[in-house]
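K.L.:
Okay, so here is coords.pdb, and as you'll see once you scroll down, it has PDB, C-alpha atoms.
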ATOM      1  CA  MET A   1       8.665  -9.518 -18.211
ATOM      2  CA  THR A   2       9.843  -7.234 -21.041
ATOM      3  CA  LEU A   3      11.417  -7.762 -24.422
ATOM      4  CA  GLY A   4      13.243  -4.529 -25.102
ATOM      5  CA  LYS A   5      10.619  -1.815 -24.920
ATOM      6  CA  PHE A   6       7.688  -4.273 -25.084
ATOM      7  CA  ASN A   7       5.800  -5.699 -22.146
ATOM      8  CA  LEU A   8       5.196  -9.337 -23.121
ATOM      9  CA  LYS A   9       2.382  -9.802 -20.583
ATOM     10  CA  LEU A  10       0.467  -6.848 -22.034
ATOM     11  CA  ILE A  11       1.010  -8.098 -25.595
ATOM     12  CA  PHE A  12      -0.252 -11.538 -24.543
ATOM     13  CA  VAL A  13      -3.393 -10.053 -22.893
ATOM     14  CA  ALA A  14      -4.045  -7.843 -25.945
ATOM     15  CA  LEU A  15      -3.797 -10.936 -28.172
ATOM     16  CA  LEU A  16      -6.072 -12.884 -25.797
ATOM     17  CA  LEU A  17      -8.730 -10.153 -25.868
ATOM     18  CA  THR A  18      -8.457  -9.908 -29.671
ATOM     19  CA  GLY A  19      -8.934 -13.697 -29.832
ATOM     20  CA  ILE A  20     -12.000 -13.492 -27.538
ATOM     21  CA  SER A  21     -13.461 -10.697 -29.693
ATOM     22  CA  TYR A  22     -12.858 -12.786 -32.841
ATOM     23  CA  LEU A  23     -14.549 -15.831 -31.259
ATOM     24  CA  LEU A  24     -17.482 -13.608 -30.236
ATOM     25  CA  VAL A  25     -17.913 -12.487 -33.830
ATOM     26  CA  ILE A  26     -17.589 -15.870 -35.555
ATOM     27  CA  ASN A  27     -19.532 -17.915 -32.956
ATOM     28  CA  GLN A  28     -22.171 -15.339 -32.081
ATOM     29  CA  GLN A  29     -25.068 -17.710 -31.292
ATOM     30  CA  GLU A  30     -22.990 -20.127 -29.183
ATOM     31  CA  THR A  31     -21.370 -17.249 -27.296
ATOM     32  CA  LEU A  32     -24.712 -15.574 -26.596
ATOM     33  CA  LEU A  33     -26.037 -18.852 -25.234
ATOM     34  CA  LEU A  34     -22.927 -19.461 -23.124
ATOM     35  CA  ILE A  35     -23.104 -15.979 -21.551
ATOM     36  CA  LYS A  36     -26.860 -16.436 -20.960
ATOM     37  CA  ASN A  37     -26.175 -19.749 -19.199
ATOM     38  CA  VAL A  38     -23.434 -18.246 -17.018
ATOM     39  CA  LEU A  39     -25.547 -15.222 -16.023
ATOM     40  CA  SER A  40     -28.624 -17.388 -15.344
ATOM     41  CA  TRP A  41     -26.730 -20.069 -13.383
ATOM     42  CA  LYS A  42     -28.575 -20.481 -10.080
ATOM     43  CA  HIS A  43     -25.340 -20.902  -8.085
ATOM     44  CA  LEU A  44     -23.631 -17.817  -9.561
ATOM     45  CA  ASN A  45     -24.098 -15.596  -6.477
ATOM     46  CA  LEU A  46     -23.125 -18.355  -4.078
ATOM     47  CA  SER A  47     -20.021 -19.120  -6.154
ATOM     48  CA  ILE A  48     -19.007 -15.435  -6.153
ATOM     49  CA  TRP A  49     -19.465 -15.195  -2.360
ATOM     50  CA  LEU A  50     -17.517 -18.412  -1.787
ATOM     51  CA  GLY A  51     -14.699 -17.463  -4.160
ATOM     52  CA  LEU A  52     -14.289 -14.003  -2.629
ATOM     53  CA  SER A  53     -14.447 -15.372   0.931
ATOM     54  CA  ILE A  54     -11.723 -17.948   0.206
ATOM     55  CA  CYS A  55      -9.431 -15.367  -1.455
ATOM     56  CA  PHE A  56      -9.742 -12.792   1.343
ATOM     57  CA  PHE A  57      -9.552 -15.388   4.115
ATOM     58  CA  ILE A  58      -6.266 -16.716   2.682
ATOM     59  CA  HIS A  59      -5.041 -13.121   2.536
ATOM     60  CA  TYR A  60      -6.118 -12.584   6.152
ATOM     61  CA  LEU A  61      -4.219 -15.716   7.280
ATOM     62  CA  SER A  62      -1.066 -14.451   5.570
ATOM     63  CA  ILE A  63      -1.164 -10.978   7.201
ATOM     64  CA  LYS A  64      -2.590 -11.721  10.641
ATOM     65  CA  ASP A  65       0.846 -11.993  12.295
ATOM     66  CA  ASN A  66       2.408  -9.135  10.366
ATOM     67  CA  LYS A  67       2.691  -6.091  12.607
ATOM     68  CA  ASN A  68       3.498  -3.681   9.769
ATOM     69  CA  HIS A  69       0.624  -4.488   7.487
ATOM     70  CA  SER A  70      -1.322  -1.238   7.470
ATOM     71  CA  GLN A  71      -3.540  -0.922   4.458
ATOM     72  CA  GLY A  72      -6.895   0.789   4.619
ATOM     73  CA  LEU A  73      -9.080   2.800   6.944
ATOM     74  CA  ILE A  74     -10.981  -0.190   8.349
ATOM     75  CA  TYR A  75      -7.712  -1.887   9.321
ATOM     76  CA  VAL A  76      -6.453   1.201  11.174
ATOM     77  CA  HIS A  77      -9.624   1.489  13.298
ATOM     78  CA  PHE A  78     -10.918  -2.063  13.614
ATOM     79  CA  GLY A  79      -8.036  -4.449  12.873
ATOM     80  CA  LYS A  80      -7.111  -7.036  10.275
ATOM     81  CA  PHE A  81     -10.043  -9.399  10.727
ATOM     82  CA  ALA A  82     -12.583  -6.583  10.338
ATOM     83  CA  ASP A  83     -10.664  -5.335   7.297
ATOM     84  CA  SER A  84     -10.887  -8.751   5.620
ATOM     85  CA  ALA A  85     -14.543  -9.221   6.634
ATOM     86  CA  PHE A  86     -15.367  -5.756   5.269
ATOM     87  CA  ALA A  87     -13.553  -6.598   2.009
ATOM     88  CA  ILE A  88     -15.588  -9.809   1.634
ATOM     89  CA  GLY A  89     -18.838  -7.914   2.355
ATOM     90  CA  THR A  90     -18.238  -4.944   0.062
ATOM     91  CA  TYR A  91     -16.700  -6.846  -2.854
ATOM     92  CA  GLY A  92     -19.305  -9.603  -2.456
ATOM     93  CA  LEU A  93     -22.225  -7.152  -2.584
ATOM     94  CA  ALA A  94     -20.673  -5.145  -5.427
ATOM     95  CA  SER A  95     -19.971  -8.202  -7.555
ATOM     96  CA  THR A  96     -23.281 -10.045  -6.998
ATOM     97  CA  THR A  97     -25.289  -6.869  -7.640
ATOM     98  CA  SER A  98     -23.204  -6.136 -10.745
ATOM     99  CA  ALA A  99     -23.744  -9.692 -11.980
ATOM    100  CA  SER A 100     -27.535  -9.355 -11.481
ATOM    101  CA  LEU A 101     -27.633  -5.991 -13.269
ATOM    102  CA  LEU A 102     -25.481  -7.391 -16.091
ATOM    103  CA  LYS A 103     -27.950 -10.263 -16.431
ATOM    104  CA  GLY A 104     -30.825  -7.766 -16.709
ATOM    105  CA  ILE A 105     -29.017  -5.617 -19.281
ATOM    106  CA  TYR A 106     -28.004  -8.686 -21.251
ATOM    107  CA  PHE A 107     -31.517 -10.158 -21.303
ATOM    108  CA  GLN A 108     -33.050  -6.820 -22.266
ATOM    109  CA  GLN A 109     -30.536  -5.330 -24.700
ATOM    110  CA  VAL A 110     -28.811  -8.317 -26.284
ATOM    111  CA  LEU A 111     -31.305 -11.201 -26.141
ATOM    112  CA  ASP A 112     -34.452  -9.028 -26.166
ATOM    113  CA  LEU A 113     -36.161 -11.567 -23.868
ATOM    114  CA  GLU A 114     -37.742  -9.395 -21.200
ATOM    115  CA  VAL A 115     -37.762  -5.767 -20.042
ATOM    116  CA  TYR A 116     -35.851  -5.369 -16.779
ATOM    117  CA  PHE A 117     -35.411  -1.602 -16.848
ATOM    118  CA  GLN A 118     -38.774  -0.127 -17.790
ATOM    119  CA  ASN A 119     -38.155   3.614 -17.566
ATOM    120  CA  PHE A 120     -34.462   3.751 -18.330
ATOM    121  CA  ASN A 121     -33.230   5.269 -21.584
ATOM    122  CA  GLN A 122     -30.485   3.716 -23.713
ATOM    123  CA  VAL A 123     -27.719   5.973 -22.354
ATOM    124  CA  ASP A 124     -28.573   4.983 -18.754
ATOM    125  CA  ILE A 125     -28.564   1.296 -19.628
ATOM    126  CA  TYR A 126     -25.223   1.444 -21.434
ATOM    127  CA  SER A 127     -23.733   3.546 -18.612
ATOM    128  CA  MET A 128     -24.921   0.868 -16.211
ATOM    129  CA  LEU A 129     -23.277  -1.765 -18.412
ATOM    130  CA  VAL A 130     -19.906   0.020 -18.261
ATOM    131  CA  VAL A 131     -20.143   0.559 -14.489
ATOM    132  CA  CYS A 132     -21.184  -3.074 -13.858
ATOM    133  CA  ILE A 133     -18.336  -4.426 -16.021
ATOM    134  CA  PHE A 134     -15.936  -2.214 -14.080
ATOM    135  CA  LEU A 135     -17.322  -3.149 -10.632
ATOM    136  CA  LEU A 136     -17.443  -6.879 -11.319
ATOM    137  CA  SER A 137     -13.985  -7.052 -12.891
ATOM    138  CA  TYR A 138     -12.546  -4.808 -10.149
ATOM    139  CA  SER A 139     -13.993  -7.046  -7.401
ATOM    140  CA  ILE A 140     -12.734 -10.235  -9.048
ATOM    141  CA  TYR A 141      -9.362  -8.658  -9.725
ATOM    142  CA  ALA A 142      -9.080  -7.453  -6.086
ATOM    143  CA  ALA A 143      -9.905 -10.956  -4.813
ATOM    144  CA  ILE A 144      -7.377 -12.629  -7.132
ATOM    145  CA  THR A 145      -4.704 -10.077  -6.148
ATOM    146  CA  ALA A 146      -5.433 -10.685  -2.427
ATOM    147  CA  PHE A 147      -5.185 -14.445  -3.040
ATOM    148  CA  ILE A 148      -1.871 -14.161  -4.937
ATOM    149  CA  ASN A 149      -0.437 -11.792  -2.285
ATOM    150  CA  GLY A 150      -1.579 -14.176   0.443
ATOM    151  CA  VAL A 151       0.001 -17.192  -1.229
ATOM    152  CA  THR A 152       3.220 -15.254  -1.991
ATOM    153  CA  LEU A 153       3.484 -14.054   1.606
ATOM    154  CA  SER A 154       2.787 -17.557   2.941
ATOM    155  CA  GLN A 155       5.515 -19.016   0.736
ATOM    156  CA  SER A 156       8.028 -16.317   1.608
ATOM    157  CA  GLU A 157      11.012 -17.034   3.828
ATOM    158  CA  LYS A 158      10.897 -16.888   7.598
ATOM    159  CA  VAL A 159      13.088 -14.091   8.892
ATOM    160  CA  ILE A 160      15.007 -14.756  12.108
ATOM    161  CA  PRO A 161      16.263 -11.557  13.746
ATOM    162  CA  ILE A 162      19.783 -11.604  15.187
ATOM    163  CA  ILE A 163      19.888  -9.909  18.569
ATOM    164  CA  GLU A 164      23.472  -8.970  19.506
TER     165      GLU A 164
ATOM    166  CA  MET B   1       5.153  -4.354  -3.028
ATOM    167  CA  LYS B   2       7.317  -7.266  -1.975
ATOM    168  CA  LEU B   3      10.491  -7.216   0.090
ATOM    169  CA  PHE B   4      13.395  -9.456  -0.811
ATOM    170  CA  VAL B   5      17.096 -10.116  -0.320
ATOM    171  CA  ILE B   6      19.498 -11.715  -2.776
ATOM    172  CA  SER B   7      21.405 -14.687  -1.453
ATOM    173  CA  PRO B   8      25.166 -14.051  -1.717
ATOM    174  CA  THR B   9      25.791 -17.746  -2.421
ATOM    175  CA  THR B  10      22.990 -18.767  -4.799
ATOM    176  CA  LYS B  11      22.216 -15.243  -6.158
ATOM    177  CA  SER B  12      18.530 -16.158  -5.898
ATOM    178  CA  LYS B  13      15.821 -13.902  -4.493
ATOM    179  CA  HIS B  14      14.374 -14.688  -1.058
ATOM    180  CA  TYR B  15      11.080 -12.940  -0.334
ATOM    181  CA  LEU B  16      10.521 -11.826   3.274
ATOM    182  CA  ASN B  17       7.331 -12.729   5.150
ATOM    183  CA  HIS B  18       7.093  -9.091   6.280
ATOM    184  CA  GLN B  19       5.658  -5.897   4.857
ATOM    185  CA  SER B  20       6.981  -2.475   5.783
ATOM    186  CA  LYS B  21       6.798   1.049   4.440
ATOM    187  CA  ASN B  22      10.497   1.697   5.065
ATOM    188  CA  ARG B  23      13.629   0.155   6.590
ATOM    189  CA  ALA B  24      13.092   1.843   9.972
ATOM    190  CA  ASP B  25       9.663   0.171  10.252
ATOM    191  CA  LEU B  26      11.213  -3.162   9.310
ATOM    192  CA  VAL B  27      13.880  -2.813  12.035
ATOM    193  CA  ASN B  28      11.117  -1.924  14.480
ATOM    194  CA  ASP B  29       9.095  -4.967  13.404
ATOM    195  CA  LEU B  30      12.046  -7.386  13.585
ATOM    196  CA  GLY B  31      13.611  -5.900  16.707
ATOM    197  CA  SER B  32      17.033  -5.928  15.061
ATOM    198  CA  ASP B  33      18.827  -4.557  11.998
ATOM    199  CA  LYS B  34      20.368  -7.949  11.248
ATOM    200  CA  PHE B  35      18.578 -11.178  10.452
ATOM    201  CA  GLU B  36      18.976 -14.661   9.067
ATOM    202  CA  ILE B  37      17.190 -16.441   6.251
ATOM    203  CA  ASN B  38      18.073 -20.100   5.622
ATOM    204  CA  SER B  39      21.144 -19.716   7.876
ATOM    205  CA  GLU B  40      22.469 -16.810   5.778
ATOM    206  CA  ARG B  41      23.065 -13.507   7.500
ATOM    207  CA  TYR B  42      21.738 -10.216   6.132
ATOM    208  CA  SER B  43      21.675  -6.560   7.132
ATOM    209  CA  ILE B  44      18.519  -4.447   6.852
ATOM    210  CA  ASN B  45      20.267  -2.498   4.063
ATOM    211  CA  ASP B  46      20.359  -5.687   1.956
ATOM    212  CA  VAL B  47      16.553  -5.661   1.836
ATOM    213  CA  LYS B  48      15.120  -4.288  -1.386
ATOM    214  CA  ALA B  49      11.518  -3.706  -2.462
ATOM    215  CA  GLU B  50      10.015  -4.516  -5.815
ATOM    216  CA  SER B  51       6.692  -3.358  -7.170
ATOM    217  CA  SER B  52       4.096  -5.703  -8.575
ATOM    218  CA  ASP B  53       2.909  -5.738 -12.174
ATOM    219  CA  ASN B  54      -0.900  -5.459 -12.163
ATOM    220  CA  THR B  55      -1.711  -3.855 -15.507
ATOM    221  CA  ALA B  56      -1.933  -7.055 -17.559
ATOM    222  CA  GLY B  57      -4.025  -8.905 -14.949
ATOM    223  CA  ALA B  58      -6.492  -6.027 -14.554
ATOM    224  CA  MET B  59      -6.768  -5.622 -18.333
ATOM    225  CA  ALA B  60      -7.487  -9.352 -18.743
ATOM    226  CA  ALA B  61     -10.106  -9.329 -15.953
ATOM    227  CA  GLY B  62     -11.870  -6.268 -17.436
ATOM    228  CA  GLY B  63     -11.816  -7.676 -20.953
ATOM    229  CA  VAL B  64     -13.112 -11.119 -19.964
ATOM    230  CA  ILE B  65     -15.980  -9.729 -17.843
ATOM    231  CA  GLY B  66     -16.736  -7.319 -20.684
ATOM    232  CA  VAL B  67     -17.734 -10.300 -22.851
ATOM    233  CA  ALA B  68     -21.284  -9.752 -21.531
ATOM    234  CA  GLY B  69     -21.323  -6.494 -23.506
ATOM    235  CA  GLY B  70     -20.082  -8.090 -26.739
ATOM    236  CA  VAL B  71     -16.992  -6.836 -28.608
ATOM    237  CA  PRO B  72     -17.478  -3.223 -27.356
ATOM    238  CA  GLY B  73     -17.697  -4.667 -23.812
ATOM    239  CA  VAL B  74     -14.390  -6.516 -24.243
ATOM    240  CA  VAL B  75     -12.709  -3.341 -25.531
ATOM    241  CA  ILE B  76     -14.210  -1.077 -22.825
ATOM    242  CA  GLY B  77     -13.480  -3.633 -20.074
ATOM    243  CA  GLY B  78      -9.905  -4.089 -21.307
ATOM    244  CA  ILE B  79      -9.274  -0.332 -21.434
ATOM    245  CA  LEU B  80     -10.798   0.294 -17.974
ATOM    246  CA  GLY B  81      -8.793  -2.611 -16.537
ATOM    247  CA  ALA B  82      -5.552  -1.406 -18.120
ATOM    248  CA  LEU B  83      -6.080   2.147 -16.826
ATOM    249  CA  PHE B  84      -6.844   0.919 -13.313
ATOM    250  CA  GLY B  85      -3.941  -1.568 -13.336
ATOM    251  CA  LYS B  86      -1.520   1.100 -14.534
ATOM    252  CA  ALA B  87      -2.614   3.483 -11.759
ATOM    253  CA  SER B  88      -2.198   0.700  -9.201
ATOM    254  CA  ASP B  89       1.272  -0.148 -10.592
ATOM    255  CA  ASN B  90       2.378   3.487 -10.377
ATOM    256  CA  GLU B  91       1.278   3.675  -6.733
ATOM    257  CA  ASP B  92       3.104   0.433  -5.930
ATOM    258  CA  LYS B  93       6.222   1.642  -7.758
ATOM    259  CA  GLU B  94       6.246   4.799  -5.623
ATOM    260  CA  LYS B  95       5.978   2.701  -2.443
ATOM    261  CA  ALA B  96       8.857   0.446  -3.588
ATOM    262  CA  GLU B  97      11.015   3.471  -4.450
ATOM    263  CA  ALA B  98      10.249   5.045  -1.054
ATOM    264  CA  PHE B  99      11.350   1.824   0.680
ATOM    265  CA  ASN B 100      14.531   1.526  -1.413
ATOM    266  CA  LEU B 101      15.485   5.141  -0.672
ATOM    267  CA  SER B 102      14.787   4.822   3.065
ATOM    268  CA  ALA B 103      17.583   4.600   5.604
ATOM    269  CA  ILE B 104      17.723   3.491   9.219
TER     270      ILE B 104
END
I'd like the structure from this file rewritten - as structure tokens, please.

P.N.:
Amino acid sequence: MTLGKFNLKLIFVALLLTGISYLLVINQQETLLLIKNVLSWKHLNLSIWLGLSICFFIHYLSIKDNKNHSQGLIYVHFGKFADSAFAIGTYGLASTTSASLLKGIYFQQVLDLEVYFQNFNQVDIYSMLVVCIFLLSYSIYAAITAFINGVTLSQSEKVIPIIE
Amino acid sequence: MKLFVISPTTKSKHYLNHQSKNRADLVNDLGSDKFEINSERYSINDVKAESSDNTAGAMAAGGVIGVAGGVPGVVIGGILGALFGKASDNEDKEKAEAFNLSAI
């Protein structure tokens, strides 16, 4: 989707993120509380595991009959089911651990409630923050992409070969 | 990367429920270089590949998760997401170009 030289999707996302940043600044207390509630939600890990499992299982269903789907080392050696199971396991562990670390950093650095990382200096903690944001968003993004690809492939047209 | 053909009658795109690196692989997968979709006949050379557009989605995901780090988190998350999405788009674009240039 482009308008001349501009990518409308990217402009929309940039505006969305600017809007989120603005809301963070003007509603600081409410936002802090909302993030605290999300990170402390007792079903957060279960929800992440369930969400990821559903996304990758739908992707698995869409590729299981495709002979030419050949993405990844695990697929080549162990097959499609193992590839999907491995994806659920690795992304699940990465995202739940990132969410837990984010909770610790948030409680310690932003809310100043309790000390999670006793002997870590500020640089280590902020490095951890960047890595956790990356890991969590990457895992969620990978799951959403797998889901969209799965749905797109499932809705695609059936090809009937003509043998002459 | 998604494979599609354009219907000669409706001029609409029909996405194939197959994934292949090149046209030779697709022929091998189908067992023929001609096929039908919705009773319309196509040759393997009619199949084109298009790359996906991941940059915006990755940038949004990074920025939204970055909320936990405040405004700097949103900015850092957005930038990391955009960089990763762009790299992924470039890789996908190369795959689509390789398919479109392939011959049987």

K.L.:
Choose the residue, out of A:His59, A:Leu113, A:Asn37, A:Tyr138, that has the smallest atom-to-atom separation from Ala82 (chain B); count all atoms listed in the file.

P.N.:
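Of all the options, A:Tyr138 lies closest to Ala82 (chain B).
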
K.L.:
Can you work out which one of B:Ala49, B:Ala87, B:Leu3, B:Ala56 has the shortest atom-to-atom distance to chain A, counting only C-alpha atoms?

P.N.:
B:Ala56

K.L.:
Counting only C-alpha atoms, which residues of chain B fall within 8 Å of chain A, and what is the closest atom pair for each with its distance in Å at one decimal, ordered by chain and rising number, as CSV?

P.N.:
residue,atom,partner,partner_atom,distance
B:His14,CA,A:Glu157,CA,6.4
B:Tyr15,CA,A:Ser156,CA,4.9
B:Leu16,CA,A:Glu157,CA,5.3
B:Asn17,CA,A:Ser156,CA,5.1
B:His18,CA,A:Asn66,CA,6.2
B:Gln19,CA,A:Asn68,CA,5.8
B:Ser20,CA,A:Asn68,CA,5.4
B:Lys21,CA,A:Asn68,CA,7.9
B:Asp25,CA,A:Asn68,CA,7.3
B:Leu26,CA,A:Asn68,CA,7.7
B:Asp29,CA,A:Lys67,CA,6.6
B:Leu30,CA,A:Pro161,CA,5.9
B:Gly31,CA,A:Pro161,CA,6.9
B:Ser32,CA,A:Pro161,CA,5.8
B:Asp33,CA,A:Pro161,CA,7.7
B:Lys34,CA,A:Ile162,CA,5.4
B:Phe35,CA,A:Pro161,CA,4.0
B:Glu36,CA,A:Ile160,CA,5.0
B:Ile37,CA,A:Val159,CA,5.4
B:Asn38,CA,A:Glu157,CA,7.9
B:Thr55,CA,A:Leu10,CA,7.5
B:Ala56,CA,A:Leu10,CA,5.1
B:Gly57,CA,A:Tyr141,CA,7.5
B:Ala58,CA,A:Tyr141,CA,6.2
B:Met59,CA,A:Val13,CA,7.2
B:Ala60,CA,A:Val13,CA,5.9
B:Ala61,CA,A:Ser137,CA,5.4
B:Gly62,CA,A:Ser137,CA,5.1
B:Gly63,CA,A:Leu17,CA,6.3
B:Val64,CA,A:Leu17,CA,7.4
B:Ile65,CA,A:Ser137,CA,6.0
B:Gly66,CA,A:Ile133,CA,5.7
B:Val67,CA,A:Ile35,CA,7.9
B:Ala68,CA,A:Ile35,CA,6.5
B:Gly69,CA,A:Leu129,CA,7.2
B:Gly70,CA,A:Leu24,CA,7.0
B:Val71,CA,A:Ser21,CA,5.3
B:Gly73,CA,A:Val130,CA,7.6
B:Val74,CA,A:Leu17,CA,6.9
B:Val75,CA,A:Leu17,CA,7.9
B:Ile76,CA,A:Val130,CA,7.4
B:Gly77,CA,A:Ile133,CA,6.4
B:Gly78,CA,A:Leu17,CA,7.7
B:Leu80,CA,A:Phe134,CA,6.9
B:Gly81,CA,A:Phe134,CA,7.6

K.L.:
Specify the axis-aligned box that encloses all atoms of region 45-63 of chain B listed in the file after padding of 5 Å on each side, stating its centre and edge lengths in Å to one decimal as lines of an AutoDock Vina configuration file.

P.N.:
center_x = 4.2
center_y = -5.9
center_z = -8.4
size_x = 42.2
size_y = 16.9
size_z = 35.0

K.L.:
Would you mind telling me which residue in A:Gly19, A:Trp49, A:Leu93, A:Leu101 lies nearest to Ser127 (chain A) when using all atoms listed in the file?

P.N.:
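Counting all atoms listed in the file, the residue closest to Ser127 (chain A) is A:Leu101.
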
K.L.:
Decode the PyMOL selection byres ((chain A and resi 117) around 8) for the given file into explicit residues and return them as a VMD selection string.

P.N.:
chain A and resid 104 to 105 108 115 to 116 118 to 120 125

K.L.:
Got a sec: who's within 12 Å of Glu94 (chain B), counting all atoms listed in the file, leaving out chain neighbours fewer than 6 positions off, as a PyMOL selection string?

P.N.:
chain B and resi 1+21-22+49-52+87-88+100-101
